[in-house]
Amino acid sequence: MSTLQQQAAELVLDDSTRRIVRYELGKYGLVDELDDVVAETGLSVLKSLGSYDPMKGSLRAWVTRIAQRRAKDQCDKAVSRGRLDAKLRAAAVGADTDLSVSEQDFAGDVASRVDGAAHAREVIALVAKFVANPESWTRTVALLSHQNIRTAAIALGISEGALRDSRREVSRCGAVVVQALATRRRRHREGCTSAPTMQDLYGCLPHDGADGSWSATITKAAVREGGFAQVTPTTLSAVTGYSINTARQYLAEAAHLLKVANTILSLPEEQLWAGTDIHPEPTGQNAR
């Protein structure tokens, strides 16, 4: 995700944008549709970001105009379809709020793993930068606004299963980013300047039954069989019990997660945060 995309996404979720949407919806008694409209605003912003011209105004003003239009669209639809009955709106939203295996959304995952808003912003910035499939990040941002997997999937035009898979991918990347940042800072405190070891990287993977803990199993097996460059899905299938297709998928994602951990542990400060809106204080060190 580019810096402009990240800034736009943050503005969509900003309290001032939500207040504007709430005001418009409040005229028609539709405040309970606030999250749906914010999600629609996010999708509109991401789809039309290429048309934004900074010479014609600030990004905030541009996002605000889109938010107002989406709110008015929702009000027009509600009036034309007679959707002002609270029960009908509740049925349209549905009661299914199962977002993942852990029954938490990505924001909840980050909040449970980090200490402080500044650290959360760092984690989110790096997940957006390093997640293997950028589309998974876009989908997860939309899901954060909806807080409901059914309506988010409909808005995105994908299946609920595909949306859950995207959210899990983002969550696994987030878990690795959180642990890798902690390891990076520990190494800095200890004055460690050597390249990260395989043990350092392995320690950044999800463990103990967490979503993605299979990545640690796959990594162990791959190392025993000669390393990621030599091991094959067929070999991994034989030693782990996974099907060949599952072993192939897990092997690719485990390799990517290890690459994310290695990148966070190895890059100089300026390169690590390049392309994000995080501006670390200069330390003269390669690790924080």
# chains A, B, ... in the order shown; residues from 1 in each chain; ligands from 1
$ residues_around --residues "Asp277 in chain A" --least-positions-apart "5" --cutoff "12 Å" --atoms "only C-alpha atoms" --output "list in words"
Met1, Ser2, Thr3, Leu4, Gln5, Gln6, Gln7, Ala8, Glu10, Ala118, Arg121, Glu122, Val123, Ile124, Ala125, Leu126, Ala128, Lys129, Glu270 and Leu272 of chain A
$ residues_around --residues "Ile264 in chain A" --least-positions-apart "2" --cutoff "12 Å" --atoms "only C-alpha atoms" --output "PDB file with all heavy atoms, in the first residue's frame"
ATOM      1  N   GLU A 122       2.807   1.680  13.895  1.00  0.00           N
ATOM      2  CA  GLU A 122       3.984   1.067  13.282  1.00  0.00           C
ATOM      3  C   GLU A 122       3.654  -0.315  12.732  1.00  0.00           C
ATOM      4  O   GLU A 122       4.040  -0.655  11.607  1.00  0.00           O
ATOM      5  CB  GLU A 122       5.118   0.972  14.299  1.00  0.00           C
ATOM      6  CG  GLU A 122       5.695   2.306  14.721  1.00  0.00           C
ATOM      7  CD  GLU A 122       6.768   2.158  15.794  1.00  0.00           C
ATOM      8  OE1 GLU A 122       6.880   1.065  16.390  1.00  0.00           O
ATOM      9  OE2 GLU A 122       7.487   3.146  16.042  1.00  0.00           O
ATOM     10  N   VAL A 123       2.949  -1.103  13.539  1.00  0.00           N
ATOM     11  CA  VAL A 123       2.590  -2.456  13.109  1.00  0.00           C
ATOM     12  C   VAL A 123       1.721  -2.411  11.860  1.00  0.00           C
ATOM     13  O   VAL A 123       1.968  -3.116  10.882  1.00  0.00           O
ATOM     14  CB  VAL A 123       1.859  -3.210  14.245  1.00  0.00           C
ATOM     15  CG1 VAL A 123       1.304  -4.541  13.740  1.00  0.00           C
ATOM     16  CG2 VAL A 123       2.806  -3.441  15.414  1.00  0.00           C
ATOM     17  N   LEU A 126       3.668  -1.493   8.706  1.00  0.00           N
ATOM     18  CA  LEU A 126       4.529  -2.556   8.181  1.00  0.00           C
ATOM     19  C   LEU A 126       3.722  -3.720   7.623  1.00  0.00           C
ATOM     20  O   LEU A 126       4.141  -4.351   6.646  1.00  0.00           O
ATOM     21  CB  LEU A 126       5.490  -3.047   9.270  1.00  0.00           C
ATOM     22  CG  LEU A 126       6.569  -2.050   9.691  1.00  0.00           C
ATOM     23  CD1 LEU A 126       7.519  -2.674  10.711  1.00  0.00           C
ATOM     24  CD2 LEU A 126       7.373  -1.559   8.475  1.00  0.00           C
ATOM     25  N   VAL A 127       2.579  -4.013   8.211  1.00  0.00           N
ATOM     26  CA  VAL A 127       1.728  -5.065   7.640  1.00  0.00           C
ATOM     27  C   VAL A 127       1.264  -4.649   6.251  1.00  0.00           C
ATOM     28  O   VAL A 127       1.299  -5.443   5.300  1.00  0.00           O
ATOM     29  CB  VAL A 127       0.516  -5.355   8.549  1.00  0.00           C
ATOM     30  CG1 VAL A 127      -0.455  -6.304   7.858  1.00  0.00           C
ATOM     31  CG2 VAL A 127       0.971  -5.965   9.862  1.00  0.00           C
ATOM     32  N   LYS A 129       2.764  -2.777   4.258  1.00  0.00           N
ATOM     33  CA  LYS A 129       3.928  -2.779   3.372  1.00  0.00           C
ATOM     34  C   LYS A 129       4.369  -4.187   2.994  1.00  0.00           C
ATOM     35  O   LYS A 129       4.783  -4.426   1.844  1.00  0.00           O
ATOM     36  CB  LYS A 129       5.089  -2.046   4.065  1.00  0.00           C
ATOM     37  CG  LYS A 129       6.374  -1.942   3.234  1.00  0.00           C
ATOM     38  CD  LYS A 129       7.402  -1.096   3.963  1.00  0.00           C
ATOM     39  CE  LYS A 129       8.689  -0.971   3.140  1.00  0.00           C
ATOM     40  NZ  LYS A 129       9.686  -0.096   3.796  1.00  0.00           N
ATOM     41  N   PHE A 130       4.269  -5.134   3.924  1.00  0.00           N
ATOM     42  CA  PHE A 130       4.890  -6.442   3.717  1.00  0.00           C
ATOM     43  C   PHE A 130       3.924  -7.602   3.475  1.00  0.00           C
ATOM     44  O   PHE A 130       4.378  -8.697   3.156  1.00  0.00           O
ATOM     45  CB  PHE A 130       5.769  -6.801   4.921  1.00  0.00           C
ATOM     46  CG  PHE A 130       6.978  -5.937   5.066  1.00  0.00           C
ATOM     47  CD1 PHE A 130       7.325  -5.389   6.302  1.00  0.00           C
ATOM     48  CD2 PHE A 130       7.774  -5.637   3.977  1.00  0.00           C
ATOM     49  CE1 PHE A 130       8.451  -4.590   6.446  1.00  0.00           C
ATOM     50  CE2 PHE A 130       8.909  -4.831   4.104  1.00  0.00           C
ATOM     51  CZ  PHE A 130       9.242  -4.312   5.335  1.00  0.00           C
ATOM     52  N   CYS A 173       0.498 -12.082   9.205  1.00  0.00           N
ATOM     53  CA  CYS A 173       1.581 -11.137   8.941  1.00  0.00           C
ATOM     54  C   CYS A 173       1.726 -10.175  10.117  1.00  0.00           C
ATOM     55  O   CYS A 173       2.844  -9.855  10.539  1.00  0.00           O
ATOM     56  CB  CYS A 173       1.290 -10.369   7.650  1.00  0.00           C
ATOM     57  SG  CYS A 173       2.620  -9.259   7.126  1.00  0.00           S
ATOM     58  N   VAL A 176       3.661 -11.727  13.002  1.00  0.00           N
ATOM     59  CA  VAL A 176       5.106 -11.769  12.734  1.00  0.00           C
ATOM     60  C   VAL A 176       5.720 -10.383  12.882  1.00  0.00           C
ATOM     61  O   VAL A 176       6.806 -10.221  13.453  1.00  0.00           O
ATOM     62  CB  VAL A 176       5.372 -12.339  11.324  1.00  0.00           C
ATOM     63  CG1 VAL A 176       6.845 -12.182  10.948  1.00  0.00           C
ATOM     64  CG2 VAL A 176       4.966 -13.808  11.265  1.00  0.00           C
ATOM     65  N   VAL A 177       5.025  -9.354  12.389  1.00  0.00           N
ATOM     66  CA  VAL A 177       5.531  -7.983  12.491  1.00  0.00           C
ATOM     67  C   VAL A 177       5.689  -7.578  13.950  1.00  0.00           C
ATOM     68  O   VAL A 177       6.720  -7.001  14.341  1.00  0.00           O
ATOM     69  CB  VAL A 177       4.600  -7.002  11.751  1.00  0.00           C
ATOM     70  CG1 VAL A 177       4.949  -5.555  12.104  1.00  0.00           C
ATOM     71  CG2 VAL A 177       4.705  -7.202  10.246  1.00  0.00           C
ATOM     72  N   VAL A 178       4.687  -7.874  14.783  1.00  0.00           N
ATOM     73  CA  VAL A 178       4.754  -7.515  16.200  1.00  0.00           C
ATOM     74  C   VAL A 178       5.965  -8.161  16.859  1.00  0.00           C
ATOM     75  O   VAL A 178       6.752  -7.504  17.563  1.00  0.00           O
ATOM     76  CB  VAL A 178       3.464  -7.946  16.926  1.00  0.00           C
ATOM     77  CG1 VAL A 178       3.636  -7.834  18.437  1.00  0.00           C
ATOM     78  CG2 VAL A 178       2.292  -7.090  16.479  1.00  0.00           C
ATOM     79  N   GLN A 179       6.148  -9.463  16.634  1.00  0.00           N
ATOM     80  CA  GLN A 179       7.250 -10.169  17.276  1.00  0.00           C
ATOM     81  C   GLN A 179       8.596  -9.737  16.713  1.00  0.00           C
ATOM     82  O   GLN A 179       9.588  -9.618  17.456  1.00  0.00           O
ATOM     83  CB  GLN A 179       7.076 -11.688  17.106  1.00  0.00           C
ATOM     84  CG  GLN A 179       8.048 -12.508  17.931  1.00  0.00           C
ATOM     85  CD  GLN A 179       7.959 -12.197  19.405  1.00  0.00           C
ATOM     86  OE1 GLN A 179       6.865 -12.145  19.977  1.00  0.00           O
ATOM     87  NE2 GLN A 179       9.093 -11.962  20.045  1.00  0.00           N
ATOM     88  N   ALA A 180       8.650  -9.488  15.410  1.00  0.00           N
ATOM     89  CA  ALA A 180       9.910  -9.069  14.794  1.00  0.00           C
ATOM     90  C   ALA A 180      10.346  -7.690  15.294  1.00  0.00           C
ATOM     91  O   ALA A 180      11.536  -7.450  15.531  1.00  0.00           O
ATOM     92  CB  ALA A 180       9.775  -9.063  13.269  1.00  0.00           C
ATOM     93  N   LEU A 181       9.399  -6.777  15.477  1.00  0.00           N
ATOM     94  CA  LEU A 181       9.740  -5.460  16.027  1.00  0.00           C
ATOM     95  C   LEU A 181      10.265  -5.589  17.450  1.00  0.00           C
ATOM     96  O   LEU A 181      11.226  -4.903  17.842  1.00  0.00           O
ATOM     97  CB  LEU A 181       8.518  -4.542  15.994  1.00  0.00           C
ATOM     98  CG  LEU A 181       8.150  -3.922  14.646  1.00  0.00           C
ATOM     99  CD1 LEU A 181       6.831  -3.164  14.744  1.00  0.00           C
ATOM    100  CD2 LEU A 181       9.256  -3.004  14.129  1.00  0.00           C
ATOM    101  N   ALA A 182       9.637  -6.474  18.234  1.00  0.00           N
ATOM    102  CA  ALA A 182      10.102  -6.682  19.609  1.00  0.00           C
ATOM    103  C   ALA A 182      11.519  -7.264  19.614  1.00  0.00           C
ATOM    104  O   ALA A 182      12.377  -6.849  20.411  1.00  0.00           O
ATOM    105  CB  ALA A 182       9.141  -7.618  20.345  1.00  0.00           C
ATOM    106  N   THR A 183      11.771  -8.214  18.716  1.00  0.00           N
ATOM    107  CA  THR A 183      13.104  -8.823  18.625  1.00  0.00           C
ATOM    108  C   THR A 183      14.122  -7.817  18.125  1.00  0.00           C
ATOM    109  O   THR A 183      15.264  -7.773  18.617  1.00  0.00           O
ATOM    110  CB  THR A 183      13.078 -10.040  17.683  1.00  0.00           C
ATOM    111  OG1 THR A 183      12.116 -10.987  18.156  1.00  0.00           O
ATOM    112  CG2 THR A 183      14.444 -10.710  17.606  1.00  0.00           C
ATOM    113  N   ARG A 184      13.742  -6.982  17.187  1.00  0.00           N
ATOM    114  CA  ARG A 184      14.633  -5.934  16.655  1.00  0.00           C
ATOM    115  C   ARG A 184      15.076  -5.001  17.778  1.00  0.00           C
ATOM    116  O   ARG A 184      16.258  -4.664  17.903  1.00  0.00           O
ATOM    117  CB  ARG A 184      13.894  -5.168  15.558  1.00  0.00           C
ATOM    118  CG  ARG A 184      14.660  -3.965  14.960  1.00  0.00           C
ATOM    119  CD  ARG A 184      13.748  -3.231  13.976  1.00  0.00           C
ATOM    120  NE  ARG A 184      14.397  -2.028  13.455  1.00  0.00           N
ATOM    121  CZ  ARG A 184      15.073  -1.955  12.309  1.00  0.00           C
ATOM    122  NH1 ARG A 184      15.211  -3.047  11.567  1.00  0.00           N
ATOM    123  NH2 ARG A 184      15.620  -0.823  11.909  1.00  0.00           N
ATOM    124  N   ARG A 185      14.134  -4.604  18.614  1.00  0.00           N
ATOM    125  CA  ARG A 185      14.450  -3.670  19.696  1.00  0.00           C
ATOM    126  C   ARG A 185      15.284  -4.336  20.784  1.00  0.00           C
ATOM    127  O   ARG A 185      16.152  -3.712  21.384  1.00  0.00           O
ATOM    128  CB  ARG A 185      13.152  -3.082  20.239  1.00  0.00           C
ATOM    129  CG  ARG A 185      12.576  -2.058  19.269  1.00  0.00           C
ATOM    130  CD  ARG A 185      11.119  -1.760  19.467  1.00  0.00           C
ATOM    131  NE  ARG A 185      10.692  -0.756  18.487  1.00  0.00           N
ATOM    132  CZ  ARG A 185       9.464  -0.607  18.049  1.00  0.00           C
ATOM    133  NH1 ARG A 185       8.515  -1.396  18.497  1.00  0.00           N
ATOM    134  NH2 ARG A 185       9.163   0.318  17.158  1.00  0.00           N
ATOM    135  N   ARG A 187      17.432  -6.770  20.258  1.00  0.00           N
ATOM    136  CA  ARG A 187      18.793  -6.872  19.700  1.00  0.00           C
ATOM    137  C   ARG A 187      19.508  -5.524  19.785  1.00  0.00           C
ATOM    138  O   ARG A 187      20.717  -5.466  20.054  1.00  0.00           O
ATOM    139  CB  ARG A 187      18.728  -7.354  18.251  1.00  0.00           C
ATOM    140  CG  ARG A 187      18.426  -8.851  18.106  1.00  0.00           C
ATOM    141  CD  ARG A 187      18.043  -9.225  16.679  1.00  0.00           C
ATOM    142  NE  ARG A 187      18.992  -8.776  15.699  1.00  0.00           N
ATOM    143  CZ  ARG A 187      20.097  -9.451  15.323  1.00  0.00           C
ATOM    144  NH1 ARG A 187      20.362 -10.635  15.878  1.00  0.00           N
ATOM    145  NH2 ARG A 187      20.913  -8.968  14.403  1.00  0.00           N
ATOM    146  N   ALA A 195      24.062 -10.533  11.837  1.00  0.00           N
ATOM    147  CA  ALA A 195      22.869 -10.909  11.086  1.00  0.00           C
ATOM    148  C   ALA A 195      21.959 -11.763  11.976  1.00  0.00           C
ATOM    149  O   ALA A 195      22.446 -12.520  12.819  1.00  0.00           O
ATOM    150  CB  ALA A 195      23.250 -11.684   9.835  1.00  0.00           C
ATOM    151  N   PRO A 196      20.653 -11.625  11.816  1.00  0.00           N
ATOM    152  CA  PRO A 196      19.744 -12.442  12.629  1.00  0.00           C
ATOM    153  C   PRO A 196      19.944 -13.930  12.367  1.00  0.00           C
ATOM    154  O   PRO A 196      20.222 -14.335  11.238  1.00  0.00           O
ATOM    155  CB  PRO A 196      18.351 -11.977  12.181  1.00  0.00           C
ATOM    156  CG  PRO A 196      18.557 -11.332  10.846  1.00  0.00           C
ATOM    157  CD  PRO A 196      19.921 -10.742  10.887  1.00  0.00           C
ATOM    158  N   ASP A 200      16.341 -16.561  15.714  1.00  0.00           N
ATOM    159  CA  ASP A 200      15.668 -15.268  15.797  1.00  0.00           C
ATOM    160  C   ASP A 200      14.433 -15.256  14.893  1.00  0.00           C
ATOM    161  O   ASP A 200      13.349 -14.815  15.297  1.00  0.00           O
ATOM    162  CB  ASP A 200      16.604 -14.133  15.372  1.00  0.00           C
ATOM    163  CG  ASP A 200      17.702 -13.867  16.380  1.00  0.00           C
ATOM    164  OD1 ASP A 200      17.471 -14.052  17.592  1.00  0.00           O
ATOM    165  OD2 ASP A 200      18.810 -13.473  15.944  1.00  0.00           O
ATOM    166  N   LEU A 201      14.620 -15.724  13.653  1.00  0.00           N
ATOM    167  CA  LEU A 201      13.525 -15.712  12.684  1.00  0.00           C
ATOM    168  C   LEU A 201      12.414 -16.666  13.099  1.00  0.00           C
ATOM    169  O   LEU A 201      11.226 -16.324  13.024  1.00  0.00           O
ATOM    170  CB  LEU A 201      14.055 -16.091  11.291  1.00  0.00           C
ATOM    171  CG  LEU A 201      15.170 -15.212  10.717  1.00  0.00           C
ATOM    172  CD1 LEU A 201      15.561 -15.695   9.320  1.00  0.00           C
ATOM    173  CD2 LEU A 201      14.740 -13.749  10.667  1.00  0.00           C
ATOM    174  N   CYS A 204       9.913 -15.461  15.597  1.00  0.00           N
ATOM    175  CA  CYS A 204       8.941 -14.454  15.162  1.00  0.00           C
ATOM    176  C   CYS A 204       7.658 -15.077  14.610  1.00  0.00           C
ATOM    177  O   CYS A 204       6.671 -14.367  14.392  1.00  0.00           O
ATOM    178  CB  CYS A 204       9.553 -13.539  14.092  1.00  0.00           C
ATOM    179  SG  CYS A 204      10.926 -12.524  14.693  1.00  0.00           S
ATOM    180  N   LEU A 257       6.731 -15.292   5.418  1.00  0.00           N
ATOM    181  CA  LEU A 257       6.719 -14.776   6.789  1.00  0.00           C
ATOM    182  C   LEU A 257       8.133 -14.680   7.360  1.00  0.00           C
ATOM    183  O   LEU A 257       8.473 -13.721   8.059  1.00  0.00           O
ATOM    184  CB  LEU A 257       5.852 -15.663   7.681  1.00  0.00           C
ATOM    185  CG  LEU A 257       4.350 -15.647   7.375  1.00  0.00           C
ATOM    186  CD1 LEU A 257       3.606 -16.643   8.261  1.00  0.00           C
ATOM    187  CD2 LEU A 257       3.766 -14.247   7.548  1.00  0.00           C
ATOM    188  N   LEU A 258       8.964 -15.658   7.044  1.00  0.00           N
ATOM    189  CA  LEU A 258      10.366 -15.597   7.474  1.00  0.00           C
ATOM    190  C   LEU A 258      11.090 -14.434   6.799  1.00  0.00           C
ATOM    191  O   LEU A 258      11.931 -13.770   7.416  1.00  0.00           O
ATOM    192  CB  LEU A 258      11.071 -16.914   7.159  1.00  0.00           C
ATOM    193  CG  LEU A 258      10.670 -18.111   8.033  1.00  0.00           C
ATOM    194  CD1 LEU A 258      11.242 -19.390   7.454  1.00  0.00           C
ATOM    195  CD2 LEU A 258      11.146 -17.924   9.477  1.00  0.00           C
ATOM    196  N   LYS A 259      10.754 -14.192   5.542  1.00  0.00           N
ATOM    197  CA  LYS A 259      11.357 -13.058   4.820  1.00  0.00           C
ATOM    198  C   LYS A 259      10.949 -11.733   5.465  1.00  0.00           C
ATOM    199  O   LYS A 259      11.767 -10.816   5.602  1.00  0.00           O
ATOM    200  CB  LYS A 259      10.920 -13.088   3.354  1.00  0.00           C
ATOM    201  CG  LYS A 259      11.517 -11.969   2.512  1.00  0.00           C
ATOM    202  CD  LYS A 259      11.049 -12.065   1.069  1.00  0.00           C
ATOM    203  CE  LYS A 259      11.624 -10.927   0.224  1.00  0.00           C
ATOM    204  NZ  LYS A 259      11.131 -11.004  -1.190  1.00  0.00           N
ATOM    205  N   VAL A 260       9.673 -11.634   5.869  1.00  0.00           N
ATOM    206  CA  VAL A 260       9.199 -10.428   6.567  1.00  0.00           C
ATOM    207  C   VAL A 260       9.990 -10.221   7.852  1.00  0.00           C
ATOM    208  O   VAL A 260      10.476  -9.119   8.135  1.00  0.00           O
ATOM    209  CB  VAL A 260       7.690 -10.528   6.872  1.00  0.00           C
ATOM    210  CG1 VAL A 260       7.250  -9.393   7.800  1.00  0.00           C
ATOM    211  CG2 VAL A 260       6.881 -10.491   5.587  1.00  0.00           C
ATOM    212  N   ALA A 261      10.126 -11.291   8.634  1.00  0.00           N
ATOM    213  CA  ALA A 261      10.873 -11.198   9.894  1.00  0.00           C
ATOM    214  C   ALA A 261      12.321 -10.792   9.637  1.00  0.00           C
ATOM    215  O   ALA A 261      12.867  -9.904  10.319  1.00  0.00           O
ATOM    216  CB  ALA A 261      10.829 -12.536  10.628  1.00  0.00           C
ATOM    217  N   ASN A 262      12.960 -11.407   8.654  1.00  0.00           N
ATOM    218  CA  ASN A 262      14.356 -11.100   8.350  1.00  0.00           C
ATOM    219  C   ASN A 262      14.512  -9.648   7.895  1.00  0.00           C
ATOM    220  O   ASN A 262      15.486  -8.974   8.255  1.00  0.00           O
ATOM    221  CB  ASN A 262      14.880 -12.050   7.276  1.00  0.00           C
ATOM    222  CG  ASN A 262      16.362 -11.876   7.031  1.00  0.00           C
ATOM    223  OD1 ASN A 262      17.182 -11.982   7.935  1.00  0.00           O
ATOM    224  ND2 ASN A 262      16.720 -11.593   5.784  1.00  0.00           N
ATOM    225  N   SER A 266      16.722  -6.841   9.817  1.00  0.00           N
ATOM    226  CA  SER A 266      17.980  -6.532   9.122  1.00  0.00           C
ATOM    227  C   SER A 266      18.085  -5.127   8.555  1.00  0.00           C
ATOM    228  O   SER A 266      19.181  -4.567   8.484  1.00  0.00           O
ATOM    229  CB  SER A 266      18.190  -7.547   7.979  1.00  0.00           C
ATOM    230  OG  SER A 266      18.181  -8.874   8.447  1.00  0.00           O
ATOM    231  N   LEU A 267      16.971  -4.545   8.110  1.00  0.00           N
ATOM    232  CA  LEU A 267      17.050  -3.278   7.392  1.00  0.00           C
ATOM    233  C   LEU A 267      17.444  -2.110   8.294  1.00  0.00           C
ATOM    234  O   LEU A 267      17.028  -2.050   9.453  1.00  0.00           O
ATOM    235  CB  LEU A 267      15.703  -2.947   6.752  1.00  0.00           C
ATOM    236  CG  LEU A 267      15.344  -3.605   5.421  1.00  0.00           C
ATOM    237  CD1 LEU A 267      14.032  -3.018   4.906  1.00  0.00           C
ATOM    238  CD2 LEU A 267      16.444  -3.422   4.378  1.00  0.00           C
ATOM    239  N   PRO A 268      18.211  -1.164   7.771  1.00  0.00           N
ATOM    240  CA  PRO A 268      18.442   0.082   8.499  1.00  0.00           C
ATOM    241  C   PRO A 268      17.122   0.813   8.703  1.00  0.00           C
ATOM    242  O   PRO A 268      16.151   0.608   7.964  1.00  0.00           O
ATOM    243  CB  PRO A 268      19.365   0.880   7.556  1.00  0.00           C
ATOM    244  CG  PRO A 268      20.002  -0.156   6.695  1.00  0.00           C
ATOM    245  CD  PRO A 268      18.977  -1.227   6.504  1.00  0.00           C
ATOM    246  N   GLU A 269      17.082   1.658   9.705  1.00  0.00           N
ATOM    247  CA  GLU A 269      15.845   2.336  10.094  1.00  0.00           C
ATOM    248  C   GLU A 269      15.159   3.047   8.924  1.00  0.00           C
ATOM    249  O   GLU A 269      13.953   2.903   8.704  1.00  0.00           O
ATOM    250  CB  GLU A 269      16.162   3.354  11.203  1.00  0.00           C
ATOM    251  CG  GLU A 269      14.960   3.813  11.984  1.00  0.00           C
ATOM    252  CD  GLU A 269      14.528   2.805  13.043  1.00  0.00           C
ATOM    253  OE1 GLU A 269      15.034   1.678  13.059  1.00  0.00           O
ATOM    254  OE2 GLU A 269      13.648   3.168  13.831  1.00  0.00           O
ATOM    255  N   GLU A 270      15.931   3.811   8.158  1.00  0.00           N
ATOM    256  CA  GLU A 270      15.346   4.601   7.087  1.00  0.00           C
ATOM    257  C   GLU A 270      14.719   3.719   6.018  1.00  0.00           C
ATOM    258  O   GLU A 270      13.641   4.016   5.487  1.00  0.00           O
ATOM    259  CB  GLU A 270      16.404   5.514   6.455  1.00  0.00           C
ATOM    260  CG  GLU A 270      16.962   6.582   7.386  1.00  0.00           C
ATOM    261  CD  GLU A 270      17.964   6.019   8.390  1.00  0.00           C
ATOM    262  OE1 GLU A 270      18.383   4.837   8.229  1.00  0.00           O
ATOM    263  OE2 GLU A 270      18.317   6.736   9.336  1.00  0.00           O
ATOM    264  N   GLN A 271      15.373   2.610   5.690  1.00  0.00           N
ATOM    265  CA  GLN A 271      14.835   1.713   4.675  1.00  0.00           C
ATOM    266  C   GLN A 271      13.612   0.958   5.183  1.00  0.00           C
ATOM    267  O   GLN A 271      12.678   0.701   4.422  1.00  0.00           O
ATOM    268  CB  GLN A 271      15.910   0.723   4.229  1.00  0.00           C
ATOM    269  CG  GLN A 271      17.073   1.361   3.482  1.00  0.00           C
ATOM    270  CD  GLN A 271      18.099   0.334   3.047  1.00  0.00           C
ATOM    271  OE1 GLN A 271      17.785  -0.831   2.820  1.00  0.00           O
ATOM    272  NE2 GLN A 271      19.356   0.766   2.930  1.00  0.00           N
ATOM    273  N   LEU A 272      13.615   0.601   6.462  1.00  0.00           N
ATOM    274  CA  LEU A 272      12.494  -0.142   7.013  1.00  0.00           C
ATOM    275  C   LEU A 272      11.201   0.652   6.896  1.00  0.00           C
ATOM    276  O   LEU A 272      10.156   0.107   6.536  1.00  0.00           O
ATOM    277  CB  LEU A 272      12.755  -0.493   8.483  1.00  0.00           C
ATOM    278  CG  LEU A 272      11.619  -1.226   9.204  1.00  0.00           C
ATOM    279  CD1 LEU A 272      11.345  -2.574   8.558  1.00  0.00           C
ATOM    280  CD2 LEU A 272      11.957  -1.408  10.685  1.00  0.00           C
ATOM    281  N   TRP A 273      11.258   1.949   7.204  1.00  0.00           N
ATOM    282  CA  TRP A 273      10.038   2.759   7.228  1.00  0.00           C
ATOM    283  C   TRP A 273       9.789   3.511   5.932  1.00  0.00           C
ATOM    284  O   TRP A 273       8.817   4.266   5.829  1.00  0.00           O
ATOM    285  CB  TRP A 273      10.100   3.732   8.400  1.00  0.00           C
ATOM    286  CG  TRP A 273      10.275   3.036   9.706  1.00  0.00           C
ATOM    287  CD1 TRP A 273      11.390   3.000  10.482  1.00  0.00           C
ATOM    288  CD2 TRP A 273       9.307   2.224  10.380  1.00  0.00           C
ATOM    289  NE1 TRP A 273      11.189   2.227  11.596  1.00  0.00           N
ATOM    290  CE2 TRP A 273       9.915   1.738  11.561  1.00  0.00           C
ATOM    291  CE3 TRP A 273       7.986   1.857  10.106  1.00  0.00           C
ATOM    292  CZ2 TRP A 273       9.243   0.911  12.457  1.00  0.00           C
ATOM    293  CZ3 TRP A 273       7.323   1.039  10.994  1.00  0.00           C
ATOM    294  CH2 TRP A 273       7.939   0.574  12.157  1.00  0.00           C
ATOM    295  N   ASN A 286      21.151   0.495  12.997  1.00  0.00           N
ATOM    296  CA  ASN A 286      20.344  -0.246  12.048  1.00  0.00           C
ATOM    297  C   ASN A 286      19.146  -0.892  12.698  1.00  0.00           C
ATOM    298  O   ASN A 286      18.328  -1.506  12.039  1.00  0.00           O
ATOM    299  CB  ASN A 286      21.184  -1.364  11.390  1.00  0.00           C
ATOM    300  CG  ASN A 286      22.147  -0.795  10.382  1.00  0.00           C
ATOM    301  OD1 ASN A 286      22.118   0.390  10.083  1.00  0.00           O
ATOM    302  ND2 ASN A 286      23.004  -1.644   9.849  1.00  0.00           N
ATOM    303  N   ALA A 287      19.020  -0.797  13.977  1.00  0.00           N
ATOM    304  CA  ALA A 287      17.886  -1.406  14.680  1.00  0.00           C
ATOM    305  C   ALA A 287      17.412  -0.488  15.774  1.00  0.00           C
ATOM    306  O   ALA A 287      18.166   0.314  16.300  1.00  0.00           O
ATOM    307  CB  ALA A 287      18.291  -2.762  15.273  1.00  0.00           C
ATOM    308  N   ARG A 288      16.174  -0.648  16.097  1.00  0.00           N
ATOM    309  CA  ARG A 288      15.602   0.183  17.154  1.00  0.00           C
ATOM    310  C   ARG A 288      15.694  -0.519  18.489  1.00  0.00           C
ATOM    311  O   ARG A 288      15.621  -1.717  18.564  1.00  0.00           O
ATOM    312  CB  ARG A 288      14.127   0.456  16.849  1.00  0.00           C
ATOM    313  CG  ARG A 288      13.965   1.261  15.570  1.00  0.00           C
ATOM    314  CD  ARG A 288      12.523   1.580  15.315  1.00  0.00           C
ATOM    315  NE  ARG A 288      12.041   2.548  16.312  1.00  0.00           N
ATOM    316  CZ  ARG A 288      10.879   3.136  16.248  1.00  0.00           C
ATOM    317  NH1 ARG A 288      10.063   2.871  15.283  1.00  0.00           N
ATOM    318  NH2 ARG A 288      10.489   3.985  17.187  1.00  0.00           N
TER     319      ARG A 288
END
$ atom_distance --atom1 "CA of Asp35 in chain A" --atom2 "CA of Ser136 in chain A"
19.8 Å
$ atom_distance --atom1 "CA of Ala153 in chain A" --atom2 "CA of Tyr242 in chain A"
29.0 Å
$ closest_residue --among "A:His279, A:Arg18, A:Arg65, A:Arg172" --to "His207 in chain A" --atoms "only C-alpha atoms"
A:Arg172
